[in-house]
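Here is final_23.cif, consisting of mmCIF, N, CA and C atoms:
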data_structure
#
loop_
_atom_site.label_atom_id
_atom_site.label_comp_id
_atom_site.auth_asym_id
_atom_site.auth_seq_id
_atom_site.Cartn_x
_atom_site.Cartn_y
_atom_site.Cartn_z
N MET A 411 0.86 -1.17 0.00
CA MET A 411 0.00 0.00 0.00
C MET A 411 0.90 1.23 0.00
N LYS A 412 0.64 2.14 -0.93
CA LYS A 412 1.42 3.35 -1.03
C LYS A 412 0.57 4.54 -0.62
N SER A 413 1.18 5.46 0.06
CA SER A 413 0.47 6.66 0.51
C SER A 413 1.16 7.87 -0.09
N ILE A 414 0.35 8.82 -0.58
CA ILE A 414 0.92 10.06 -1.09
C ILE A 414 0.22 11.23 -0.42
N VAL A 415 0.91 12.33 -0.39
CA VAL A 415 0.31 13.57 0.08
C VAL A 415 -0.15 14.29 -1.18
N PRO A 416 -1.48 14.48 -1.33
CA PRO A 416 -1.97 15.15 -2.54
C PRO A 416 -1.38 16.55 -2.67
N LYS A 417 -1.06 16.91 -3.90
CA LYS A 417 -0.54 18.24 -4.14
C LYS A 417 -1.43 18.96 -5.13
N LYS A 418 -1.29 20.25 -5.19
CA LYS A 418 -2.06 21.07 -6.11
C LYS A 418 -1.56 20.79 -7.53
N VAL A 419 -2.47 20.40 -8.41
CA VAL A 419 -2.13 20.12 -9.80
C VAL A 419 -3.02 20.98 -10.68
N ASN A 420 -2.42 21.61 -11.67
CA ASN A 420 -3.19 22.38 -12.63
C ASN A 420 -3.74 21.44 -13.69
N TYR A 421 -5.06 21.46 -13.84
CA TYR A 421 -5.71 20.60 -14.83
C TYR A 421 -7.02 21.25 -15.23
N GLN A 422 -7.60 20.73 -16.30
CA GLN A 422 -8.93 21.18 -16.70
C GLN A 422 -9.73 19.97 -17.16
N ILE A 423 -11.03 20.04 -16.96
CA ILE A 423 -11.93 19.00 -17.44
C ILE A 423 -12.24 19.30 -18.90
N THR A 424 -12.17 18.29 -19.73
CA THR A 424 -12.43 18.47 -21.15
C THR A 424 -13.40 17.39 -21.61
N ASP A 425 -14.27 17.73 -22.52
CA ASP A 425 -15.26 16.78 -23.03
C ASP A 425 -14.81 16.29 -24.39
N LYS A 426 -14.47 15.01 -24.45
CA LYS A 426 -14.07 14.42 -25.73
C LYS A 426 -15.33 13.92 -26.42
N GLU A 427 -15.83 14.73 -27.31
CA GLU A 427 -17.10 14.41 -27.97
C GLU A 427 -17.02 13.15 -28.83
N SER A 428 -15.86 12.78 -29.28
CA SER A 428 -15.75 11.64 -30.19
C SER A 428 -16.18 10.32 -29.54
N ASP A 429 -15.95 10.17 -28.26
CA ASP A 429 -16.34 8.92 -27.61
C ASP A 429 -17.21 9.14 -26.38
N GLY A 430 -17.62 10.36 -26.13
CA GLY A 430 -18.53 10.64 -25.03
C GLY A 430 -17.89 10.67 -23.66
N LEU A 431 -16.58 10.55 -23.59
CA LEU A 431 -15.91 10.56 -22.29
C LEU A 431 -15.61 11.97 -21.83
N VAL A 432 -15.74 12.17 -20.55
CA VAL A 432 -15.26 13.41 -19.95
C VAL A 432 -13.85 13.11 -19.46
N CYS A 433 -12.89 13.86 -19.95
CA CYS A 433 -11.49 13.59 -19.66
C CYS A 433 -10.85 14.76 -18.94
N ILE A 434 -9.64 14.53 -18.49
CA ILE A 434 -8.88 15.53 -17.75
C ILE A 434 -7.62 15.83 -18.56
N GLU A 435 -7.37 17.11 -18.76
CA GLU A 435 -6.14 17.54 -19.42
C GLU A 435 -5.22 18.14 -18.38
N VAL A 436 -4.01 17.60 -18.29
CA VAL A 436 -3.03 18.08 -17.33
C VAL A 436 -2.35 19.32 -17.89
N LEU A 437 -2.24 20.35 -17.07
CA LEU A 437 -1.63 21.60 -17.50
C LEU A 437 -0.25 21.81 -16.88
N GLU A 438 0.24 20.84 -16.11
CA GLU A 438 1.56 20.90 -15.51
C GLU A 438 2.62 20.78 -16.60
N GLU A 439 3.72 21.50 -16.46
CA GLU A 439 4.71 21.58 -17.52
C GLU A 439 5.20 20.21 -18.01
N LYS A 440 5.60 19.34 -17.11
CA LYS A 440 6.16 18.05 -17.53
C LYS A 440 5.14 17.20 -18.29
N TYR A 441 3.87 17.27 -17.91
CA TYR A 441 2.83 16.45 -18.52
C TYR A 441 1.82 17.27 -19.32
N GLN A 442 2.14 18.53 -19.58
CA GLN A 442 1.22 19.44 -20.25
C GLN A 442 0.69 18.83 -21.56
N GLY A 443 -0.63 18.89 -21.70
CA GLY A 443 -1.28 18.37 -22.90
C GLY A 443 -1.69 16.91 -22.80
N THR A 444 -1.26 16.22 -21.75
CA THR A 444 -1.68 14.83 -21.57
C THR A 444 -3.16 14.81 -21.17
N VAL A 445 -3.94 14.02 -21.89
CA VAL A 445 -5.37 13.90 -21.62
C VAL A 445 -5.63 12.46 -21.20
N PHE A 446 -6.35 12.30 -20.08
CA PHE A 446 -6.64 10.94 -19.59
C PHE A 446 -8.03 10.91 -18.96
N HIS A 447 -8.50 9.69 -18.74
CA HIS A 447 -9.76 9.52 -18.01
C HIS A 447 -9.57 8.40 -16.99
N PHE A 448 -10.36 8.47 -15.94
CA PHE A 448 -10.31 7.43 -14.91
C PHE A 448 -11.16 6.25 -15.34
N GLY A 449 -10.69 5.07 -14.98
CA GLY A 449 -11.47 3.86 -15.18
C GLY A 449 -12.18 3.54 -13.88
N LYS A 450 -11.94 2.36 -13.38
CA LYS A 450 -12.56 1.93 -12.13
C LYS A 450 -11.95 2.66 -10.95
N VAL A 451 -12.80 3.18 -10.08
CA VAL A 451 -12.36 3.86 -8.86
C VAL A 451 -13.07 3.21 -7.70
N GLY A 452 -12.33 2.86 -6.66
CA GLY A 452 -12.93 2.24 -5.48
C GLY A 452 -12.16 2.59 -4.24
N THR A 453 -12.76 2.28 -3.11
CA THR A 453 -12.11 2.53 -1.83
C THR A 453 -11.77 1.20 -1.16
N PHE A 454 -10.86 1.26 -0.22
CA PHE A 454 -10.50 0.08 0.56
C PHE A 454 -10.14 0.50 1.97
N GLU A 455 -10.17 -0.46 2.87
CA GLU A 455 -9.71 -0.22 4.23
C GLU A 455 -8.74 -1.34 4.58
N GLU A 456 -7.57 -0.94 5.06
CA GLU A 456 -6.53 -1.90 5.38
C GLU A 456 -5.82 -1.44 6.63
N GLU A 457 -5.77 -2.30 7.63
CA GLU A 457 -5.09 -1.99 8.88
C GLU A 457 -5.55 -0.65 9.47
N GLY A 458 -6.86 -0.41 9.41
CA GLY A 458 -7.42 0.80 9.99
C GLY A 458 -7.26 2.06 9.15
N MET A 459 -6.67 1.92 7.96
CA MET A 459 -6.49 3.07 7.08
C MET A 459 -7.39 2.92 5.87
N GLU A 460 -7.93 4.04 5.41
CA GLU A 460 -8.75 4.02 4.21
C GLU A 460 -7.94 4.57 3.04
N GLY A 461 -8.28 4.08 1.87
CA GLY A 461 -7.58 4.54 0.68
C GLY A 461 -8.43 4.38 -0.56
N VAL A 462 -7.84 4.75 -1.68
CA VAL A 462 -8.54 4.68 -2.95
C VAL A 462 -7.69 3.90 -3.94
N ASN A 463 -8.32 2.98 -4.64
CA ASN A 463 -7.71 2.29 -5.77
C ASN A 463 -8.32 2.87 -7.03
N PHE A 464 -7.53 3.03 -8.07
CA PHE A 464 -8.09 3.56 -9.30
C PHE A 464 -7.24 3.12 -10.49
N SER A 465 -7.86 3.19 -11.63
CA SER A 465 -7.12 3.00 -12.88
C SER A 465 -7.38 4.21 -13.75
N TYR A 466 -6.49 4.44 -14.69
CA TYR A 466 -6.66 5.55 -15.62
C TYR A 466 -6.11 5.14 -16.97
N PHE A 467 -6.55 5.85 -17.99
CA PHE A 467 -6.16 5.53 -19.36
C PHE A 467 -5.78 6.82 -20.08
N ILE A 468 -4.66 6.81 -20.77
CA ILE A 468 -4.19 7.97 -21.52
C ILE A 468 -4.94 8.03 -22.84
N ASP A 469 -5.59 9.17 -23.09
CA ASP A 469 -6.31 9.37 -24.34
C ASP A 469 -5.47 10.15 -25.36
N GLU A 470 -4.68 11.10 -24.90
CA GLU A 470 -3.79 11.87 -25.76
C GLU A 470 -2.49 12.07 -25.01
N GLY A 471 -1.39 11.74 -25.66
CA GLY A 471 -0.08 11.88 -25.03
C GLY A 471 0.63 10.54 -25.01
N ASP A 472 1.65 10.45 -24.20
CA ASP A 472 2.50 9.27 -24.10
C ASP A 472 1.78 8.16 -23.33
N VAL A 473 1.35 7.11 -24.02
CA VAL A 473 0.60 6.03 -23.35
C VAL A 473 1.44 5.29 -22.31
N SER A 474 2.77 5.42 -22.36
CA SER A 474 3.60 4.76 -21.34
C SER A 474 3.38 5.38 -19.96
N LEU A 475 2.71 6.55 -19.91
CA LEU A 475 2.41 7.17 -18.62
C LEU A 475 1.42 6.34 -17.81
N GLU A 476 0.73 5.40 -18.46
CA GLU A 476 -0.18 4.52 -17.72
C GLU A 476 0.57 3.67 -16.71
N GLU A 477 1.88 3.51 -16.90
CA GLU A 477 2.71 2.72 -15.98
C GLU A 477 3.69 3.59 -15.19
N ASP A 478 3.64 4.89 -15.35
CA ASP A 478 4.59 5.82 -14.74
C ASP A 478 4.13 6.20 -13.33
N GLU A 479 4.95 5.89 -12.33
CA GLU A 479 4.58 6.17 -10.93
C GLU A 479 4.43 7.66 -10.65
N ALA A 480 5.27 8.50 -11.25
CA ALA A 480 5.16 9.94 -11.02
C ALA A 480 3.85 10.47 -11.59
N PHE A 481 3.45 9.98 -12.76
CA PHE A 481 2.18 10.43 -13.33
C PHE A 481 1.01 9.89 -12.51
N LYS A 482 1.16 8.67 -11.99
CA LYS A 482 0.10 8.10 -11.15
C LYS A 482 -0.14 8.98 -9.93
N GLU A 483 0.91 9.56 -9.37
CA GLU A 483 0.75 10.47 -8.24
C GLU A 483 0.01 11.74 -8.66
N ILE A 484 0.28 12.22 -9.87
CA ILE A 484 -0.46 13.38 -10.41
C ILE A 484 -1.94 13.02 -10.53
N ALA A 485 -2.23 11.85 -11.11
CA ALA A 485 -3.62 11.40 -11.27
C ALA A 485 -4.29 11.25 -9.90
N ALA A 486 -3.56 10.71 -8.92
CA ALA A 486 -4.11 10.53 -7.58
C ALA A 486 -4.44 11.89 -6.94
N SER A 487 -3.58 12.86 -7.14
CA SER A 487 -3.84 14.20 -6.60
C SER A 487 -5.07 14.83 -7.24
N ILE A 488 -5.22 14.62 -8.54
CA ILE A 488 -6.41 15.14 -9.23
C ILE A 488 -7.66 14.44 -8.72
N LEU A 489 -7.60 13.12 -8.58
CA LEU A 489 -8.74 12.37 -8.06
C LEU A 489 -9.09 12.84 -6.66
N PHE A 490 -8.09 13.04 -5.82
CA PHE A 490 -8.32 13.56 -4.46
C PHE A 490 -9.05 14.90 -4.54
N ASN A 491 -8.58 15.78 -5.42
CA ASN A 491 -9.20 17.08 -5.57
C ASN A 491 -10.64 16.95 -6.04
N LEU A 492 -10.88 16.11 -7.02
CA LEU A 492 -12.22 15.96 -7.58
C LEU A 492 -13.21 15.38 -6.57
N VAL A 493 -12.76 14.41 -5.80
CA VAL A 493 -13.67 13.70 -4.90
C VAL A 493 -13.69 14.29 -3.50
N ILE A 494 -12.56 14.39 -2.87
CA ILE A 494 -12.50 14.77 -1.46
C ILE A 494 -12.68 16.27 -1.27
N GLU A 495 -11.88 17.07 -1.96
CA GLU A 495 -11.96 18.51 -1.74
C GLU A 495 -13.30 19.07 -2.21
N ASN A 496 -13.79 18.61 -3.35
CA ASN A 496 -15.09 19.10 -3.82
C ASN A 496 -16.22 18.66 -2.90
N LYS A 497 -16.11 17.46 -2.35
CA LYS A 497 -17.15 16.99 -1.42
C LYS A 497 -17.17 17.85 -0.16
N SER A 498 -15.98 18.18 0.33
CA SER A 498 -15.91 19.00 1.55
C SER A 498 -16.40 20.42 1.30
N GLN A 499 -16.41 20.85 0.04
CA GLN A 499 -16.91 22.17 -0.30
C GLN A 499 -18.38 22.13 -0.68
N GLY A 500 -18.99 20.93 -0.60
CA GLY A 500 -20.40 20.78 -0.90
C GLY A 500 -20.71 20.79 -2.38
N LEU A 501 -19.71 20.47 -3.23
CA LEU A 501 -19.92 20.51 -4.66
C LEU A 501 -20.37 19.16 -5.23
N SER A 502 -20.24 18.09 -4.46
CA SER A 502 -20.74 16.80 -4.91
C SER A 502 -21.51 16.14 -3.78
N GLU A 503 -22.33 15.19 -4.14
CA GLU A 503 -23.14 14.53 -3.10
C GLU A 503 -22.75 13.10 -2.94
#

Could I get this file's structure written as structure tokens?
Amino acid sequence: MKSIVPKKVNYQITDKESDGLVCIEVLEEKYQGTVFHFGKVGTFEEEGMEGVNFSYFIDEGDVSLEEDEAFKEIAASILFNLVIENKSQGLSE
């Protein structure tokens, strides 16, 4: 089990009309222009700690980022922002 401290990531939500997916475009310099979407997202509890498991798929950019640990941390930070921070601000139910 790996734990990360979510960080602020610049991104924007984009609608890929060609396949109906709502995707995320990363605006961070190293990954700028990479577009991806989340697959399965779930939670788990292990040894009294809660966490999130997720998968993601690269739609535009270097598909090898699907296996890149540094990019996975970027995706995790975005997921944290979308789910946890927005929920605490009352933006999702």

**Message:** So that I can check the surroundings of region 420-422 of chain A, please list as a ChimeraX atom specification every protein, DNA and RNA residue that reaches within 7 Å of it, counting only N, CA and C atoms and ignoring chain neighbours fewer than 5 positions away.
**Reply:** /A:433-438

**Message:** Please compute the CA of Tyr466 (chain A)-atom C of Leu492 (chain A) distance, one decimal, in Å.
**Reply:**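 Atom-to-atom, CA of Tyr466 (chain A) to atom C of Leu492 (chain A), that is 14.9 Å.
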
**Request:** Check the DSSP output for the backbone and give back, as number ranges by chain, the residues of chain A in strand (DSSP E or B).
**Result:** A: 421-426, 431-436, 445-456, 459-470

Output N, CA and C atoms for every residue in that selection, as a compact mmCIF listing (two decimals), in the coordinates of the input.
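The result, stored in selection36.txt:
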# COMPACT_ATOMS: atom_id res chain seq x y z
N TYR A 421 -5.06 21.46 -13.84
CA TYR A 421 -5.71 20.60 -14.83
C TYR A 421 -7.02 21.25 -15.23
N GLN A 422 -7.60 20.73 -16.30
CA GLN A 422 -8.93 21.18 -16.70
C GLN A 422 -9.73 19.97 -17.16
N ILE A 423 -11.03 20.04 -16.96
CA ILE A 423 -11.93 19.00 -17.44
C ILE A 423 -12.24 19.30 -18.90
N THR A 424 -12.17 18.29 -19.73
CA THR A 424 -12.43 18.47 -21.15
C THR A 424 -13.40 17.39 -21.61
N ASP A 425 -14.27 17.73 -22.52
CA ASP A 425 -15.26 16.78 -23.03
C ASP A 425 -14.81 16.29 -24.39
N LYS A 426 -14.47 15.01 -24.45
CA LYS A 426 -14.07 14.42 -25.73
C LYS A 426 -15.33 13.92 -26.42
N LEU A 431 -16.58 10.55 -23.59
CA LEU A 431 -15.91 10.56 -22.29
C LEU A 431 -15.61 11.97 -21.83
N VAL A 432 -15.74 12.17 -20.55
CA VAL A 432 -15.26 13.41 -19.95
C VAL A 432 -13.85 13.11 -19.46
N CYS A 433 -12.89 13.86 -19.95
CA CYS A 433 -11.49 13.59 -19.66
C CYS A 433 -10.85 14.76 -18.94
N ILE A 434 -9.64 14.53 -18.49
CA ILE A 434 -8.88 15.53 -17.75
C ILE A 434 -7.62 15.83 -18.56
N GLU A 435 -7.37 17.11 -18.76
CA GLU A 435 -6.14 17.54 -19.42
C GLU A 435 -5.22 18.14 -18.38
N VAL A 436 -4.01 17.60 -18.29
CA VAL A 436 -3.03 18.08 -17.33
C VAL A 436 -2.35 19.32 -17.89
N VAL A 445 -3.94 14.02 -21.89
CA VAL A 445 -5.37 13.90 -21.62
C VAL A 445 -5.63 12.46 -21.20
N PHE A 446 -6.35 12.30 -20.08
CA PHE A 446 -6.64 10.94 -19.59
C PHE A 446 -8.03 10.91 -18.96
N HIS A 447 -8.50 9.69 -18.74
CA HIS A 447 -9.76 9.52 -18.01
C HIS A 447 -9.57 8.40 -16.99
N PHE A 448 -10.36 8.47 -15.94
CA PHE A 448 -10.31 7.43 -14.91
C PHE A 448 -11.16 6.25 -15.34
N GLY A 449 -10.69 5.07 -14.98
CA GLY A 449 -11.47 3.86 -15.18
C GLY A 449 -12.18 3.54 -13.88
N LYS A 450 -11.94 2.36 -13.38
CA LYS A 450 -12.56 1.93 -12.13
C LYS A 450 -11.95 2.66 -10.95
N VAL A 451 -12.80 3.18 -10.08
CA VAL A 451 -12.36 3.86 -8.86
C VAL A 451 -13.07 3.21 -7.70
N GLY A 452 -12.33 2.86 -6.66
CA GLY A 452 -12.93 2.24 -5.48
C GLY A 452 -12.16 2.59 -4.24
N THR A 453 -12.76 2.28 -3.11
CA THR A 453 -12.11 2.53 -1.83
C THR A 453 -11.77 1.20 -1.16
N PHE A 454 -10.86 1.26 -0.22
CA PHE A 454 -10.50 0.08 0.56
C PHE A 454 -10.14 0.50 1.97
N GLU A 455 -10.17 -0.46 2.87
CA GLU A 455 -9.71 -0.22 4.23
C GLU A 455 -8.74 -1.34 4.58
N GLU A 456 -7.57 -0.94 5.06
CA GLU A 456 -6.53 -1.90 5.38
C GLU A 456 -5.82 -1.44 6.63
N MET A 459 -6.67 1.92 7.96
CA MET A 459 -6.49 3.07 7.08
C MET A 459 -7.39 2.92 5.87
N GLU A 460 -7.93 4.04 5.41
CA GLU A 460 -8.75 4.02 4.21
C GLU A 460 -7.94 4.57 3.04
N GLY A 461 -8.28 4.08 1.87
CA GLY A 461 -7.58 4.54 0.68
C GLY A 461 -8.43 4.38 -0.56
N VAL A 462 -7.84 4.75 -1.68
CA VAL A 462 -8.54 4.68 -2.95
C VAL A 462 -7.69 3.90 -3.94
N ASN A 463 -8.32 2.98 -4.64
CA ASN A 463 -7.71 2.29 -5.77
C ASN A 463 -8.32 2.87 -7.03
N PHE A 464 -7.53 3.03 -8.07
CA PHE A 464 -8.09 3.56 -9.30
C PHE A 464 -7.24 3.12 -10.49
N SER A 465 -7.86 3.19 -11.63
CA SER A 465 -7.12 3.00 -12.88
C SER A 465 -7.38 4.21 -13.75
N TYR A 466 -6.49 4.44 -14.69
CA TYR A 466 -6.66 5.55 -15.62
C TYR A 466 -6.11 5.14 -16.97
N PHE A 467 -6.55 5.85 -17.99
CA PHE A 467 -6.16 5.53 -19.36
C PHE A 467 -5.78 6.82 -20.08
N ILE A 468 -4.66 6.81 -20.77
CA ILE A 468 -4.19 7.97 -21.52
C ILE A 468 -4.94 8.03 -22.84
N ASP A 469 -5.59 9.17 -23.09
CA ASP A 469 -6.31 9.37 -24.34
C ASP A 469 -5.47 10.15 -25.36
N GLU A 470 -4.68 11.10 -24.90
CA GLU A 470 -3.79 11.87 -25.76
C GLU A 470 -2.49 12.07 -25.01

**Request:** Using only C-alpha atoms, find the one residue out of A:Leu489, A:Met459, A:Gly452, A:Asp469 that sits nearest to Asp425 (chain A).
**Result:**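 Selected residue with least distance to Asp425 (chain A): A:Asp469.
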
**Prompt:** Looking at A:His447, A:Lys418, A:Ile484, A:Thr453, which one is nearest to Phe467 (chain A), with distances taken over only N, CA and C atoms?
**Reply:** A:His447

**Request:** Report the distance between atom N of Gly449 (chain A) and CA of Asn463 (chain A) in Å, rounded to one decimal place.
**Result:**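 Separation of atom N of Gly449 (chain A) and CA of Asn463 (chain A): 10.1 Å.
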
**Request:** Could you tell me how far CA of Val473 (chain A) lies from CA of Tyr441 (chain A), in Å and to one decimal?
**Result:** 11.7 Å

**Request:** Run the PyMOL selection byres (((chain A and resi 450 and name CA) around 6) and name CA) on the file and write out the hits as a VMD selection string.
**Result:** chain A and resid 449 451 464 to 465

Considering only alpha helix (DSSP H) as DSSP defines it on the backbone, what residues of chain A qualify? List them as an mmCIF file with N, CA and C atoms, in the coordinates of the input.
data_model
loop_
_atom_site.group_PDB
_atom_site.id
_atom_site.type_symbol
_atom_site.label_atom_id
_atom_site.label_comp_id
_atom_site.auth_asym_id
_atom_site.auth_seq_id
_atom_site.Cartn_x
_atom_site.Cartn_y
_atom_site.Cartn_z
ATOM 1 N N GLU A 479 4.950 5.890 -12.330
ATOM 2 C CA GLU A 479 4.580 6.170 -10.930
ATOM 3 C C GLU A 479 4.430 7.660 -10.650
ATOM 4 N N ALA A 480 5.270 8.500 -11.250
ATOM 5 C CA ALA A 480 5.160 9.940 -11.020
ATOM 6 C C ALA A 480 3.850 10.470 -11.590
ATOM 7 N N PHE A 481 3.450 9.980 -12.760
ATOM 8 C CA PHE A 481 2.180 10.430 -13.330
ATOM 9 C C PHE A 481 1.010 9.890 -12.510
ATOM 10 N N LYS A 482 1.160 8.670 -11.990
ATOM 11 C CA LYS A 482 0.100 8.100 -11.150
ATOM 12 C C LYS A 482 -0.140 8.980 -9.930
ATOM 13 N N GLU A 483 0.910 9.560 -9.370
ATOM 14 C CA GLU A 483 0.750 10.470 -8.240
ATOM 15 C C GLU A 483 0.010 11.740 -8.660
ATOM 16 N N ILE A 484 0.280 12.220 -9.870
ATOM 17 C CA ILE A 484 -0.460 13.380 -10.410
ATOM 18 C C ILE A 484 -1.940 13.020 -10.530
ATOM 19 N N ALA A 485 -2.230 11.850 -11.110
ATOM 20 C CA ALA A 485 -3.620 11.400 -11.270
ATOM 21 C C ALA A 485 -4.290 11.250 -9.900
ATOM 22 N N ALA A 486 -3.560 10.710 -8.920
ATOM 23 C CA ALA A 486 -4.110 10.530 -7.580
ATOM 24 C C ALA A 486 -4.440 11.890 -6.940
ATOM 25 N N SER A 487 -3.580 12.860 -7.140
ATOM 26 C CA SER A 487 -3.840 14.200 -6.600
ATOM 27 C C SER A 487 -5.070 14.830 -7.240
ATOM 28 N N ILE A 488 -5.220 14.620 -8.540
ATOM 29 C CA ILE A 488 -6.410 15.140 -9.230
ATOM 30 C C ILE A 488 -7.660 14.440 -8.720
ATOM 31 N N LEU A 489 -7.600 13.120 -8.580
ATOM 32 C CA LEU A 489 -8.740 12.370 -8.060
ATOM 33 C C LEU A 489 -9.090 12.840 -6.660
ATOM 34 N N PHE A 490 -8.090 13.040 -5.820
ATOM 35 C CA PHE A 490 -8.320 13.560 -4.460
ATOM 36 C C PHE A 490 -9.050 14.900 -4.540
ATOM 37 N N ASN A 496 -13.790 18.610 -3.350
ATOM 38 C CA ASN A 496 -15.090 19.100 -3.820
ATOM 39 C C ASN A 496 -16.220 18.660 -2.900
ATOM 40 N N LYS A 497 -16.110 17.460 -2.350
ATOM 41 C CA LYS A 497 -17.150 16.990 -1.420
ATOM 42 C C LYS A 497 -17.170 17.850 -0.160
ATOM 43 N N SER A 498 -15.980 18.180 0.330
ATOM 44 C CA SER A 498 -15.910 19.000 1.550
ATOM 45 C C SER A 498 -16.400 20.420 1.300
#
